[in-house]
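Structure below is structure_16.cif: mmCIF, C-alpha atoms.
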data_query
#
loop_
_atom_site.group_PDB
_atom_site.id
_atom_site.type_symbol
_atom_site.label_atom_id
_atom_site.label_comp_id
_atom_site.auth_asym_id
_atom_site.auth_seq_id
_atom_site.Cartn_x
_atom_site.Cartn_y
_atom_site.Cartn_z
ATOM 1 C CA MET Q 132 32.855 -20.842 25.223
ATOM 2 C CA GLU Q 133 30.811 -19.242 22.450
ATOM 3 C CA SER Q 134 32.878 -17.182 20.042
ATOM 4 C CA SER Q 135 32.049 -13.562 19.343
ATOM 5 C CA SER Q 136 31.422 -14.380 15.681
ATOM 6 C CA SER Q 137 28.879 -17.086 16.491
ATOM 7 C CA SER Q 138 27.270 -14.804 19.071
ATOM 8 C CA SER Q 139 26.927 -11.961 16.588
ATOM 9 C CA SER Q 140 25.310 -14.325 14.079
ATOM 10 C CA ALA Q 141 22.752 -15.634 16.559
ATOM 11 C CA ILE Q 142 19.126 -15.153 15.549
ATOM 12 C CA ILE Q 143 17.325 -12.874 18.025
ATOM 13 C CA PHE Q 144 14.029 -12.594 16.132
ATOM 14 C CA GLU Q 145 12.341 -14.724 13.513
ATOM 15 C CA ALA Q 146 9.040 -14.582 11.702
ATOM 16 C CA PRO Q 147 9.223 -18.027 10.051
ATOM 17 C CA GLY Q 148 9.403 -17.881 6.288
ATOM 18 C CA PHE Q 149 9.328 -14.091 6.387
ATOM 19 C CA LEU Q 150 12.249 -12.397 8.130
ATOM 20 C CA ARG Q 151 15.130 -12.926 10.577
ATOM 21 C CA ILE Q 152 17.045 -10.462 12.720
ATOM 22 C CA TYR Q 153 20.538 -11.347 13.981
ATOM 23 C CA GLN Q 154 22.447 -10.293 17.084
ATOM 24 C CA ASP Q 155 24.740 -8.055 15.023
ATOM 25 C CA GLY Q 156 21.746 -6.171 13.621
ATOM 26 C CA LYS Q 157 21.690 -7.886 10.246
ATOM 27 C CA VAL Q 158 18.200 -8.289 8.770
ATOM 28 C CA GLU Q 159 17.590 -11.237 6.464
ATOM 29 C CA ARG Q 160 14.457 -11.079 4.337
ATOM 30 C CA LEU Q 161 13.358 -14.536 3.291
ATOM 31 C CA VAL Q 162 10.796 -13.675 0.599
ATOM 32 C CA ASP Q 163 10.189 -11.062 -2.102
ATOM 33 C CA LYS Q 164 13.862 -10.122 -2.334
ATOM 34 C CA GLU Q 165 14.241 -9.831 -6.102
ATOM 35 C CA THR Q 166 13.891 -6.581 -8.020
ATOM 36 C CA VAL Q 167 13.364 -5.740 -11.667
ATOM 37 C CA PRO Q 168 14.252 -2.542 -13.525
ATOM 38 C CA PRO Q 169 11.692 -0.242 -15.126
ATOM 39 C CA SER Q 170 11.183 -0.363 -18.870
ATOM 40 C CA SER Q 171 11.551 2.803 -20.914
ATOM 41 C CA GLU Q 172 10.009 0.972 -23.856
ATOM 42 C CA GLU Q 173 6.352 0.036 -23.844
ATOM 43 C CA ARG Q 174 5.580 -3.478 -22.680
ATOM 44 C CA GLU Q 175 1.931 -4.484 -22.854
ATOM 45 C CA GLY Q 176 1.277 -0.890 -23.812
ATOM 46 C CA VAL Q 177 2.971 0.572 -20.693
ATOM 47 C CA ALA Q 178 6.316 2.324 -20.193
ATOM 48 C CA SER Q 179 7.869 2.746 -16.738
ATOM 49 C CA LYS Q 180 10.699 4.654 -15.109
ATOM 50 C CA ASP Q 181 12.033 5.437 -11.635
ATOM 51 C CA VAL Q 182 12.238 8.925 -10.155
ATOM 52 C CA VAL Q 183 14.323 9.424 -7.000
ATOM 53 C CA LEU Q 184 12.579 11.691 -4.509
ATOM 54 C CA ASP Q 185 15.200 11.727 -1.752
ATOM 55 C CA PRO Q 186 18.808 10.807 -2.553
ATOM 56 C CA GLN Q 187 19.665 10.576 1.150
ATOM 57 C CA THR Q 188 17.039 7.957 2.015
ATOM 58 C CA GLY Q 189 16.846 6.364 -1.421
ATOM 59 C CA VAL Q 190 13.076 6.802 -1.583
ATOM 60 C CA PHE Q 191 11.812 6.703 -5.150
ATOM 61 C CA VAL Q 192 8.643 6.288 -7.159
ATOM 62 C CA ARG Q 193 8.153 4.062 -10.178
ATOM 63 C CA LEU Q 194 5.947 5.731 -12.769
ATOM 64 C CA TYR Q 195 3.811 3.699 -15.196
ATOM 65 C CA LEU Q 196 2.525 5.438 -18.310
ATOM 66 C CA PRO Q 197 -0.035 3.558 -20.414
ATOM 67 C CA ARG Q 198 -0.617 4.117 -24.095
ATOM 68 C CA LEU Q 199 -3.370 6.743 -24.126
ATOM 69 C CA GLY Q 200 -5.702 7.049 -27.087
ATOM 70 C CA VAL Q 201 -6.663 10.519 -28.198
ATOM 71 C CA ALA Q 202 -9.532 9.659 -30.521
ATOM 72 C CA ASP Q 203 -12.070 10.629 -27.858
ATOM 73 C CA GLY Q 204 -10.189 13.778 -26.932
ATOM 74 C CA LYS Q 205 -9.001 12.471 -23.570
ATOM 75 C CA ARG Q 206 -5.313 13.276 -23.476
ATOM 76 C CA ARG Q 207 -4.937 13.029 -19.687
ATOM 77 C CA ALA Q 208 -5.441 10.100 -17.352
ATOM 78 C CA PRO Q 209 -6.290 9.725 -13.659
ATOM 79 C CA VAL Q 210 -3.351 9.167 -11.315
ATOM 80 C CA LEU Q 211 -3.161 6.182 -8.955
ATOM 81 C CA VAL Q 212 -0.648 6.505 -6.100
ATOM 82 C CA TYR Q 213 0.132 2.963 -4.947
ATOM 83 C CA PHE Q 214 1.668 1.725 -1.680
ATOM 84 C CA HIS Q 215 2.960 -1.847 -1.779
ATOM 85 C CA GLY Q 216 2.404 -4.370 1.002
ATOM 86 C CA GLY Q 217 4.784 -6.682 2.828
ATOM 87 C CA GLY Q 218 4.141 -6.189 6.531
ATOM 88 C CA PHE Q 219 6.137 -2.924 6.431
ATOM 89 C CA CYS Q 220 9.234 -5.162 6.245
ATOM 90 C CA ILE Q 221 9.521 -6.783 2.821
ATOM 91 C CA GLY Q 222 8.682 -5.979 -0.765
ATOM 92 C CA SER Q 223 9.538 -3.042 -2.969
ATOM 93 C CA ALA Q 224 8.106 -0.891 -5.699
ATOM 94 C CA ALA Q 225 10.669 -2.701 -7.875
ATOM 95 C CA SER Q 226 9.673 -6.246 -6.899
ATOM 96 C CA PRO Q 227 8.633 -8.418 -9.868
ATOM 97 C CA VAL Q 228 5.140 -9.078 -8.542
ATOM 98 C CA TYR Q 229 4.302 -5.395 -8.040
ATOM 99 C CA HIS Q 230 5.955 -4.351 -11.282
ATOM 100 C CA SER Q 231 3.878 -6.882 -13.192
ATOM 101 C CA TYR Q 232 0.647 -6.012 -11.379
ATOM 102 C CA LEU Q 233 0.946 -2.257 -11.811
ATOM 103 C CA ASN Q 234 1.740 -2.719 -15.487
ATOM 104 C CA LYS Q 235 -1.610 -4.483 -15.723
ATOM 105 C CA VAL Q 236 -3.428 -1.808 -13.721
ATOM 106 C CA ALA Q 237 -2.027 0.970 -15.901
ATOM 107 C CA ALA Q 238 -2.785 -0.888 -19.138
ATOM 108 C CA GLU Q 239 -6.284 -2.067 -18.284
ATOM 109 C CA ALA Q 240 -7.559 0.941 -16.331
ATOM 110 C CA LYS Q 241 -5.767 3.531 -18.486
ATOM 111 C CA VAL Q 242 -4.347 5.322 -15.456
ATOM 112 C CA ILE Q 243 -0.897 6.639 -14.596
ATOM 113 C CA CYS Q 244 0.476 4.688 -11.634
ATOM 114 C CA VAL Q 245 2.886 6.168 -9.123
ATOM 115 C CA SER Q 246 4.246 3.265 -7.068
ATOM 116 C CA VAL Q 247 6.097 4.404 -3.940
ATOM 117 C CA ASP Q 248 9.198 2.678 -2.613
ATOM 118 C CA TYR Q 249 9.487 3.505 1.093
ATOM 119 C CA ARG Q 250 11.852 2.756 3.962
ATOM 120 C CA ARG Q 251 11.072 -0.516 5.733
ATOM 121 C CA ALA Q 252 11.038 -1.892 9.237
ATOM 122 C CA PRO Q 253 12.785 -3.069 11.309
ATOM 123 C CA GLU Q 254 15.691 -0.840 10.218
ATOM 124 C CA GLN Q 255 13.293 2.103 10.003
ATOM 125 C CA ARG Q 256 10.235 1.629 12.190
ATOM 126 C CA LEU Q 257 6.963 3.407 11.612
ATOM 127 C CA PRO Q 258 6.279 6.237 10.962
ATOM 128 C CA ALA Q 259 9.167 6.196 8.448
ATOM 129 C CA ALA Q 260 7.028 4.496 5.774
ATOM 130 C CA TYR Q 261 4.183 6.942 6.428
ATOM 131 C CA ASP Q 262 6.572 9.877 6.146
ATOM 132 C CA ASP Q 263 7.958 8.617 2.835
ATOM 133 C CA CYS Q 264 4.558 7.912 1.300
ATOM 134 C CA PHE Q 265 3.090 11.204 2.431
ATOM 135 C CA GLY Q 266 6.190 12.884 1.040
ATOM 136 C CA ALA Q 267 5.506 11.223 -2.317
ATOM 137 C CA LEU Q 268 2.014 12.715 -2.324
ATOM 138 C CA GLU Q 269 3.455 16.124 -1.520
ATOM 139 C CA TRP Q 270 5.910 15.666 -4.396
ATOM 140 C CA LEU Q 271 2.986 14.911 -6.710
ATOM 141 C CA ASP Q 272 1.259 18.086 -5.539
ATOM 142 C CA ARG Q 273 4.399 20.091 -6.357
ATOM 143 C CA GLN Q 274 4.515 18.402 -9.743
ATOM 144 C CA ALA Q 275 1.003 19.623 -10.437
ATOM 145 C CA MET Q 276 1.922 23.181 -9.519
ATOM 146 C CA ALA Q 277 5.598 23.096 -10.592
ATOM 147 C CA LEU Q 278 6.391 24.867 -7.300
ATOM 148 C CA ASP Q 279 9.585 25.354 -5.315
ATOM 149 C CA GLY Q 280 11.774 25.193 -8.375
ATOM 150 C CA VAL Q 281 10.525 21.706 -9.242
ATOM 151 C CA SER Q 282 10.707 20.841 -12.915
ATOM 152 C CA ALA Q 283 7.588 18.876 -13.710
ATOM 153 C CA ASP Q 284 8.210 15.328 -14.874
ATOM 154 C CA PRO Q 285 7.378 15.276 -18.601
ATOM 155 C CA TRP Q 286 5.145 12.207 -18.331
ATOM 156 C CA LEU Q 287 3.082 13.813 -15.598
ATOM 157 C CA ALA Q 288 3.115 17.279 -17.158
ATOM 158 C CA SER Q 289 1.807 15.955 -20.460
ATOM 159 C CA HIS Q 290 -0.562 13.195 -19.396
ATOM 160 C CA ALA Q 291 -1.620 13.379 -15.715
ATOM 161 C CA ASP Q 292 -5.057 14.558 -14.684
ATOM 162 C CA PHE Q 293 -4.142 16.005 -11.301
ATOM 163 C CA SER Q 294 -7.798 16.680 -10.534
ATOM 164 C CA ASN Q 295 -8.391 12.903 -10.435
ATOM 165 C CA VAL Q 296 -5.879 11.436 -7.990
ATOM 166 C CA PHE Q 297 -6.563 8.187 -6.122
ATOM 167 C CA LEU Q 298 -4.664 6.369 -3.387
ATOM 168 C CA ALA Q 299 -4.393 2.570 -3.303
ATOM 169 C CA GLY Q 300 -2.541 -0.096 -1.362
ATOM 170 C CA ASP Q 301 -2.693 -3.720 -0.341
ATOM 171 C CA SER Q 302 -2.137 -5.254 3.103
ATOM 172 C CA ALA Q 303 0.398 -3.050 4.945
ATOM 173 C CA GLY Q 304 0.174 -0.697 1.981
ATOM 174 C CA ALA Q 305 -3.524 -0.207 2.745
ATOM 175 C CA ASN Q 306 -2.569 0.607 6.336
ATOM 176 C CA ILE Q 307 -0.118 3.187 4.989
ATOM 177 C CA LEU Q 308 -2.856 4.579 2.764
ATOM 178 C CA HIS Q 309 -5.073 5.194 5.802
ATOM 179 C CA GLN Q 310 -2.343 7.102 7.625
ATOM 180 C CA VAL Q 311 -1.558 9.159 4.524
ATOM 181 C CA GLY Q 312 -5.272 9.934 4.212
ATOM 182 C CA ILE Q 313 -5.416 11.153 7.822
ATOM 183 C CA ARG Q 314 -2.365 13.378 7.332
ATOM 184 C CA ALA Q 315 -3.704 14.662 4.024
ATOM 185 C CA GLY Q 316 -6.716 16.114 5.844
ATOM 186 C CA GLU Q 317 -4.414 18.346 7.871
ATOM 187 C CA ARG Q 318 -3.179 20.501 4.991
ATOM 188 C CA LYS Q 319 -4.374 22.262 1.860
ATOM 189 C CA TRP Q 320 -3.672 20.727 -1.537
ATOM 190 C CA ASP Q 321 -3.063 23.242 -4.285
ATOM 191 C CA GLY Q 322 -2.252 20.970 -7.192
ATOM 192 C CA VAL Q 323 -3.903 17.586 -6.683
ATOM 193 C CA ARG Q 324 -7.487 16.687 -5.881
ATOM 194 C CA LEU Q 325 -7.872 13.420 -3.990
ATOM 195 C CA GLN Q 326 -10.959 11.658 -5.293
ATOM 196 C CA GLY Q 327 -10.870 8.272 -3.590
ATOM 197 C CA ALA Q 328 -9.045 5.475 -1.811
ATOM 198 C CA ILE Q 329 -8.784 1.758 -2.594
ATOM 199 C CA LEU Q 330 -7.782 -0.514 0.303
ATOM 200 C CA VAL Q 331 -7.093 -4.148 -0.594
ATOM 201 C CA HIS Q 332 -6.991 -6.653 2.281
ATOM 202 C CA PRO Q 333 -5.883 -4.004 4.809
ATOM 203 C CA PHE Q 334 -3.456 -4.878 7.608
ATOM 204 C CA PHE Q 335 -4.892 -3.498 10.851
ATOM 205 C CA GLY Q 336 -5.146 -4.838 14.389
ATOM 206 C CA GLY Q 337 -5.995 -4.047 17.965
ATOM 207 C CA GLU Q 338 -5.887 -5.199 21.563
ATOM 208 C CA GLU Q 339 -9.233 -6.953 21.232
ATOM 209 C CA ARG Q 340 -9.385 -9.903 18.848
ATOM 210 C CA ILE Q 341 -12.354 -9.875 16.478
ATOM 211 C CA GLY Q 342 -14.117 -12.205 14.050
ATOM 212 C CA CYS Q 343 -11.987 -15.021 12.666
ATOM 213 C CA GLU Q 344 -9.093 -13.978 14.934
ATOM 214 C CA LEU Q 345 -11.045 -15.586 17.810
ATOM 215 C CA GLU Q 346 -11.410 -19.024 16.225
ATOM 216 C CA ALA Q 347 -9.873 -21.942 18.137
ATOM 217 C CA ASP Q 348 -7.819 -23.186 15.235
ATOM 218 C CA ALA Q 349 -4.112 -23.928 14.849
ATOM 219 C CA GLU Q 350 -3.881 -21.852 11.666
ATOM 220 C CA VAL Q 351 -5.462 -18.881 13.415
ATOM 221 C CA GLU Q 352 -3.089 -19.203 16.362
ATOM 222 C CA VAL Q 353 -0.078 -19.192 14.027
ATOM 223 C CA PHE Q 354 -1.528 -16.206 12.166
ATOM 224 C CA ASN Q 355 -2.093 -14.206 15.357
ATOM 225 C CA THR Q 356 1.414 -14.991 16.585
ATOM 226 C CA MET Q 357 2.911 -14.014 13.229
ATOM 227 C CA THR Q 358 1.069 -10.702 12.946
ATOM 228 C CA ASP Q 359 1.911 -9.807 16.553
ATOM 229 C CA ALA Q 360 5.568 -10.476 15.742
ATOM 230 C CA ILE Q 361 5.470 -8.257 12.649
ATOM 231 C CA TRP Q 362 3.817 -5.453 14.605
ATOM 232 C CA SER Q 363 6.453 -5.780 17.351
ATOM 233 C CA ILE Q 364 9.279 -4.887 14.949
ATOM 234 C CA SER Q 365 7.316 -2.305 12.963
ATOM 235 C CA LEU Q 366 5.620 -0.096 15.545
ATOM 236 C CA PRO Q 367 7.541 2.490 17.569
ATOM 237 C CA ALA Q 368 9.298 0.902 20.538
ATOM 238 C CA GLY Q 369 6.949 0.519 23.496
ATOM 239 C CA ALA Q 370 3.751 0.905 21.462
ATOM 240 C CA ASP Q 371 0.738 -1.085 22.635
ATOM 241 C CA LYS Q 372 -1.702 -3.050 20.486
ATOM 242 C CA ASP Q 373 -4.115 -0.115 20.248
ATOM 243 C CA HIS Q 374 -1.507 2.296 18.945
ATOM 244 C CA PRO Q 375 -3.084 4.452 16.182
ATOM 245 C CA PHE Q 376 -0.720 2.940 13.605
ATOM 246 C CA ARG Q 377 -2.207 -0.503 14.318
ATOM 247 C CA ASN Q 378 -5.769 0.333 15.342
ATOM 248 C CA PRO Q 379 -7.303 3.043 13.111
ATOM 249 C CA VAL Q 380 -10.364 3.394 15.353
ATOM 250 C CA GLY Q 381 -8.646 2.985 18.725
ATOM 251 C CA PRO Q 382 -8.885 5.287 21.734
ATOM 252 C CA HIS Q 383 -6.038 7.509 20.528
ATOM 253 C CA SER Q 384 -6.705 7.390 16.763
ATOM 254 C CA ALA Q 385 -7.795 10.304 14.601
ATOM 255 C CA ALA Q 386 -11.472 10.362 13.636
ATOM 256 C CA LEU Q 387 -12.230 8.650 10.340
ATOM 257 C CA SER Q 388 -14.386 11.640 9.429
ATOM 258 C CA THR Q 389 -11.148 13.609 8.876
ATOM 259 C CA LEU Q 390 -10.082 11.421 5.937
ATOM 260 C CA VAL Q 391 -9.698 13.807 3.031
ATOM 261 C CA TYR Q 392 -10.945 11.718 0.104
ATOM 262 C CA PRO Q 393 -14.722 11.546 -0.529
ATOM 263 C CA ARG Q 394 -15.025 7.846 -1.492
ATOM 264 C CA THR Q 395 -13.467 4.604 -0.299
ATOM 265 C CA LEU Q 396 -13.444 1.121 -1.807
ATOM 266 C CA VAL Q 397 -12.472 -1.757 0.509
ATOM 267 C CA PHE Q 398 -11.652 -5.263 -0.757
ATOM 268 C CA VAL Q 399 -11.630 -8.352 1.475
ATOM 269 C CA ALA Q 400 -11.059 -12.024 0.674
ATOM 270 C CA GLY Q 401 -13.163 -14.792 2.163
ATOM 271 C CA LYS Q 402 -10.207 -17.042 3.070
ATOM 272 C CA ASP Q 403 -8.001 -14.217 4.342
ATOM 273 C CA LEU Q 404 -7.531 -14.146 8.121
ATOM 274 C CA LEU Q 405 -7.376 -10.359 7.876
ATOM 275 C CA ARG Q 406 -10.905 -10.223 6.442
ATOM 276 C CA ALA Q 407 -12.508 -9.334 9.774
ATOM 277 C CA ARG Q 408 -10.311 -6.228 10.017
ATOM 278 C CA GLY Q 409 -11.276 -5.120 6.518
ATOM 279 C CA ILE Q 410 -14.995 -5.509 7.250
ATOM 280 C CA TRP Q 411 -14.527 -3.769 10.604
ATOM 281 C CA TYR Q 412 -12.776 -0.871 8.891
ATOM 282 C CA TYR Q 413 -15.534 -0.582 6.298
ATOM 283 C CA ASP Q 414 -18.221 -0.626 9.010
ATOM 284 C CA SER Q 415 -16.330 2.067 10.912
ATOM 285 C CA LEU Q 416 -16.182 4.245 7.790
ATOM 286 C CA LYS Q 417 -19.933 3.947 7.336
ATOM 287 C CA LYS Q 418 -20.541 4.828 10.995
ATOM 288 C CA ALA Q 419 -18.368 7.905 10.493
ATOM 289 C CA GLY Q 420 -20.614 9.008 7.641
ATOM 290 C CA LYS Q 421 -18.139 8.214 4.874
ATOM 291 C CA ASP Q 422 -19.099 7.046 1.384
ATOM 292 C CA ALA Q 423 -17.670 3.516 1.295
ATOM 293 C CA ASP Q 424 -18.205 0.258 -0.588
ATOM 294 C CA LEU Q 425 -17.134 -3.244 0.393
ATOM 295 C CA VAL Q 426 -16.208 -5.976 -2.094
ATOM 296 C CA MET Q 427 -15.905 -9.548 -0.784
ATOM 297 C CA THR Q 428 -14.202 -12.216 -2.901
ATOM 298 C CA LYS Q 429 -15.412 -15.364 -1.167
ATOM 299 C CA ASP Q 430 -13.029 -18.106 -2.237
ATOM 300 C CA GLU Q 431 -9.729 -16.212 -2.289
ATOM 301 C CA THR Q 432 -6.819 -15.707 0.110
ATOM 302 C CA HIS Q 433 -4.703 -12.727 1.112
ATOM 303 C CA VAL Q 434 -3.435 -10.626 -1.850
ATOM 304 C CA PHE Q 435 -4.495 -13.310 -4.334
ATOM 305 C CA HIS Q 436 -4.479 -10.661 -7.071
ATOM 306 C CA LEU Q 437 -0.688 -10.442 -6.913
ATOM 307 C CA PHE Q 438 0.002 -14.155 -7.246
ATOM 308 C CA ASN Q 439 -2.809 -15.080 -9.638
ATOM 309 C CA GLN Q 440 -2.788 -12.064 -11.922
ATOM 310 C CA LYS Q 441 -4.636 -13.763 -14.768
ATOM 311 C CA SER Q 442 -7.409 -15.301 -12.667
ATOM 312 C CA GLU Q 443 -11.038 -14.385 -13.203
ATOM 313 C CA ASN Q 444 -11.308 -12.864 -9.730
ATOM 314 C CA THR Q 445 -8.222 -10.710 -10.293
ATOM 315 C CA LEU Q 446 -9.669 -9.418 -13.542
ATOM 316 C CA LEU Q 447 -12.983 -8.689 -11.815
ATOM 317 C CA MET Q 448 -11.123 -6.780 -9.089
ATOM 318 C CA LEU Q 449 -9.223 -4.797 -11.697
ATOM 319 C CA LYS Q 450 -12.462 -3.910 -13.486
ATOM 320 C CA ARG Q 451 -13.982 -2.741 -10.218
ATOM 321 C CA ILE Q 452 -10.936 -0.559 -9.542
ATOM 322 C CA SER Q 453 -11.086 0.870 -13.063
ATOM 323 C CA ASP Q 454 -14.804 1.599 -12.764
ATOM 324 C CA PHE Q 455 -14.222 3.272 -9.401
ATOM 325 C CA MET Q 456 -11.594 5.591 -10.863
ATOM 326 C CA HIS Q 457 -13.570 6.469 -13.973
ATOM 327 C CA SER Q 458 -17.010 6.913 -12.387
ATOM 328 C CA LEU Q 459 -16.747 10.608 -11.535
#
So, in terms of structure tokens, how does the structure I just supplied come out?
Amino acid sequence: MESSSSSSSAIIFEAPGFLRIYQDGKVERLVDKETVPPSSEEREGVASKDVVLDPQTGVFVRLYLPRLGVADGKRRAPVLVYFHGGGFCIGSAASPVYHSYLNKVAAEAKVICVSVDYRRAPEQRLPAAYDDCFGALEWLDRQAMALDGVSADPWLASHADFSNVFLAGDSAGANILHQVGIRAGERKWDGVRLQGAILVHPFFGGEERIGCELEADAEVEVFNTMTDAIWSISLPAGADKDHPFRNPVGPHSAALSTLVYPRTLVFVAGKDLLRARGIWYYDSLKKAGKDADLVMTKDETHVFHLFNQKSENTLLMLKRISDFMHSL
């Protein structure tokens, strides 16, 4: 007879190499588990610190402040609000790979980065991550206005150009960005002005398979099975494959024309099995009359910029992001 202890430790869900869920409710994340602290001293010309937004949920943002020259009279920098990826289930604003990457973004693009750490599935299914990330944007708006008794963060008060705020995210973080953009169109912003969005290898889906998802290939079959599994533990219980959180242009999704920012930059990678969804999203933006650009990196895989941060293609991507933010 099986003991209660062995029963409670039985695996009831597994995304191989990614995540396990046990009978007793324990969640075991198999990758991207490490965290690193911020650095109050400049490293590579960037200082960072964490600001807790909600003590009850533990949601925080990690701020990155680059060394800003004043010779040209520019004492303020654009603000980049960043949503990390990880299938809604893994990763953190404090993970080494994101900490390193956003240090580079801040240093090279001369922008203040606000990296959001949000609640993750499966413990907190969507829309928890959307709520947290939208809440971070609302916090930034209050910072700009110093409203509701909020004491403005000194870094932001002294150096942020709140009239030049951009949203960015990779993979599931790009999905979050889209939902934040839809919500942002439903209210008035008094302090911040959203100037653009940068979606890197966005994680979307739908009932109907498209593009490379249709290929009769073992790798594609594994990919489709894996993404379906991740969606199954991330979406609200009972949601179908065309739920608005998964399919941004589905039958029940908000119109893309309601997105609040005027410009969008979409990155896709030629060897990424999510590339068809990124192209499809870009095409849908254009059909909706939105100002959008698509950048294809032919010989790269999903989120290559995080794992090959010194590669030529990563540097080219970073330059494109910098140009996008400074082209107003």
Write out as CSV the residues of range 341-437 of chain Q that have any atom within 9 Å of an atom of range 444-449 of chain Q, one row each with the nearest atom pair and its distance in Å to one decimal, counting all atoms listed in the file, sorted by chain and then rising number.
residue,atom,partner,partner_atom,distance
Q:Phe398,CA,Q:Met448,CA,8.5
Q:Val426,CA,Q:Met448,CA,8.7
Q:Thr428,CA,Q:Asn444,CA,7.4
Q:Glu431,CA,Q:Asn444,CA,8.3
Q:Phe435,CA,Q:Thr445,CA,7.5
Q:His436,CA,Q:Thr445,CA,4.9
Q:Leu437,CA,Q:Thr445,CA,8.3
Open item on the list: I'd like the interatomic distance between CA of Arg198 in chain Q and CA of Ala224 in chain Q, to a tenth of an Å.
Closed with: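 Distance reported for this atom pair: 21.0 Å.
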TODO: Find the spatial neighbours of range 267-269 of chain Q, counting only C-alpha atoms, within a cut-off of 10 Å - ignore same-chain residues fewer than 3 positions away - and output them as a PyMOL selection string.
DONE: chain Q and resi 184-185+190-192+212+245-249+261-264+272-275+296+298+311+315+320+322-323
Selected residues written out with C-alpha atoms, as a compact mmCIF listing (two decimals), in the coordinates of the input:
# COMPACT_ATOMS: atom_id res chain seq x y z
CA LEU Q 184 12.58 11.69 -4.51
CA ASP Q 185 15.20 11.73 -1.75
CA VAL Q 190 13.08 6.80 -1.58
CA PHE Q 191 11.81 6.70 -5.15
CA VAL Q 192 8.64 6.29 -7.16
CA VAL Q 212 -0.65 6.50 -6.10
CA VAL Q 245 2.89 6.17 -9.12
CA SER Q 246 4.25 3.26 -7.07
CA VAL Q 247 6.10 4.40 -3.94
CA ASP Q 248 9.20 2.68 -2.61
CA TYR Q 249 9.49 3.50 1.09
CA TYR Q 261 4.18 6.94 6.43
CA ASP Q 262 6.57 9.88 6.15
CA ASP Q 263 7.96 8.62 2.84
CA CYS Q 264 4.56 7.91 1.30
CA ASP Q 272 1.26 18.09 -5.54
CA ARG Q 273 4.40 20.09 -6.36
CA GLN Q 274 4.51 18.40 -9.74
CA ALA Q 275 1.00 19.62 -10.44
CA VAL Q 296 -5.88 11.44 -7.99
CA LEU Q 298 -4.66 6.37 -3.39
CA VAL Q 311 -1.56 9.16 4.52
CA ALA Q 315 -3.70 14.66 4.02
CA TRP Q 320 -3.67 20.73 -1.54
CA GLY Q 322 -2.25 20.97 -7.19
CA VAL Q 323 -3.90 17.59 -6.68
- [ ] Might you spell out which residues the PyMOL selection byres ((chain Q and resi 260) around 12) would select in the displayed file, as an MDAnalysis selection string?
- [x] chainID Q and resid 188 190 214:221 223 247:259 261:267 303:308 310:311 365:367 376
- [ ] Determine the residue set returned by the PyMOL selection byres ((chain Q and resi 335) around 8) for the present structure, and present it as a ChimeraX atom specification.
- [x] /Q:303,306,333-334,336-337,377-379,405,408-409
Open item on the list: Between CA of Pro168 in chain Q and CA of Gly222 in chain Q, what distance in Å does the model show, to one decimal?
Closed with: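 Straight-line distance from CA of Pro168 in chain Q to CA of Gly222 in chain Q works out to 14.3 Å.
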Find the residues around Glu346 in chain Q up to 12 Å (all atoms listed in the file counted), leave out those fewer than 6 positions away in its own chain, and share them as a PDB file with C-alpha atoms, in the frame of the given file.
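out.pdb, freshly written:
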ATOM      1  CA  ARG Q 340      -9.385  -9.903  18.848  1.00  0.00           C
ATOM      2  CA  GLU Q 352      -3.089 -19.203  16.362  1.00  0.00           C
ATOM      3  CA  VAL Q 353      -0.078 -19.192  14.027  1.00  0.00           C
ATOM      4  CA  PHE Q 354      -1.528 -16.206  12.166  1.00  0.00           C
ATOM      5  CA  ASN Q 355      -2.093 -14.206  15.357  1.00  0.00           C
ATOM      6  CA  LEU Q 404      -7.531 -14.146   8.121  1.00  0.00           C
ATOM      7  CA  ALA Q 407     -12.508  -9.334   9.774  1.00  0.00           C
TER       8      ALA Q 407
END
Open item on the list: Neighbouring residues of Ala178 in chain Q were defined as those with any atom within 9 Å, considering all atoms listed in the file; residues of the same chain fewer than 3 positions away were excluded. Please report them as a ChimeraX atom specification.
Closed with: /Q:169-175,194-198,234
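Applied to this file, the PyMOL selection byres ((chain Q and resi 162) around 9) selects the residues Q:Gly148, Q:Phe149, Q:Leu150, Q:Arg160, Q:Leu161, Q:Asp163, Q:Lys164, Q:Glu165, Q:Ile221, Q:Gly222.
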Task: Neighbour list for Asn295 in chain Q as a list in words, cut-off 10 Å, only C-alpha atoms, skip fewer than 5 positions in-chain - done: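 Here the qualifying residues turn out to be Arg207, Ala208, Pro209, Val210, Leu211, Val242, Val323, Arg324, Leu325, Gln326, Gly327, Met456, His457 and Leu459 of chain Q.
Proximity of Q:Lys421, Q:Lys402, Q:Lys441, Q:Arg451 to Ile329 in chain Q, computed with only C-alpha atoms, is greatest for Q:Arg451.
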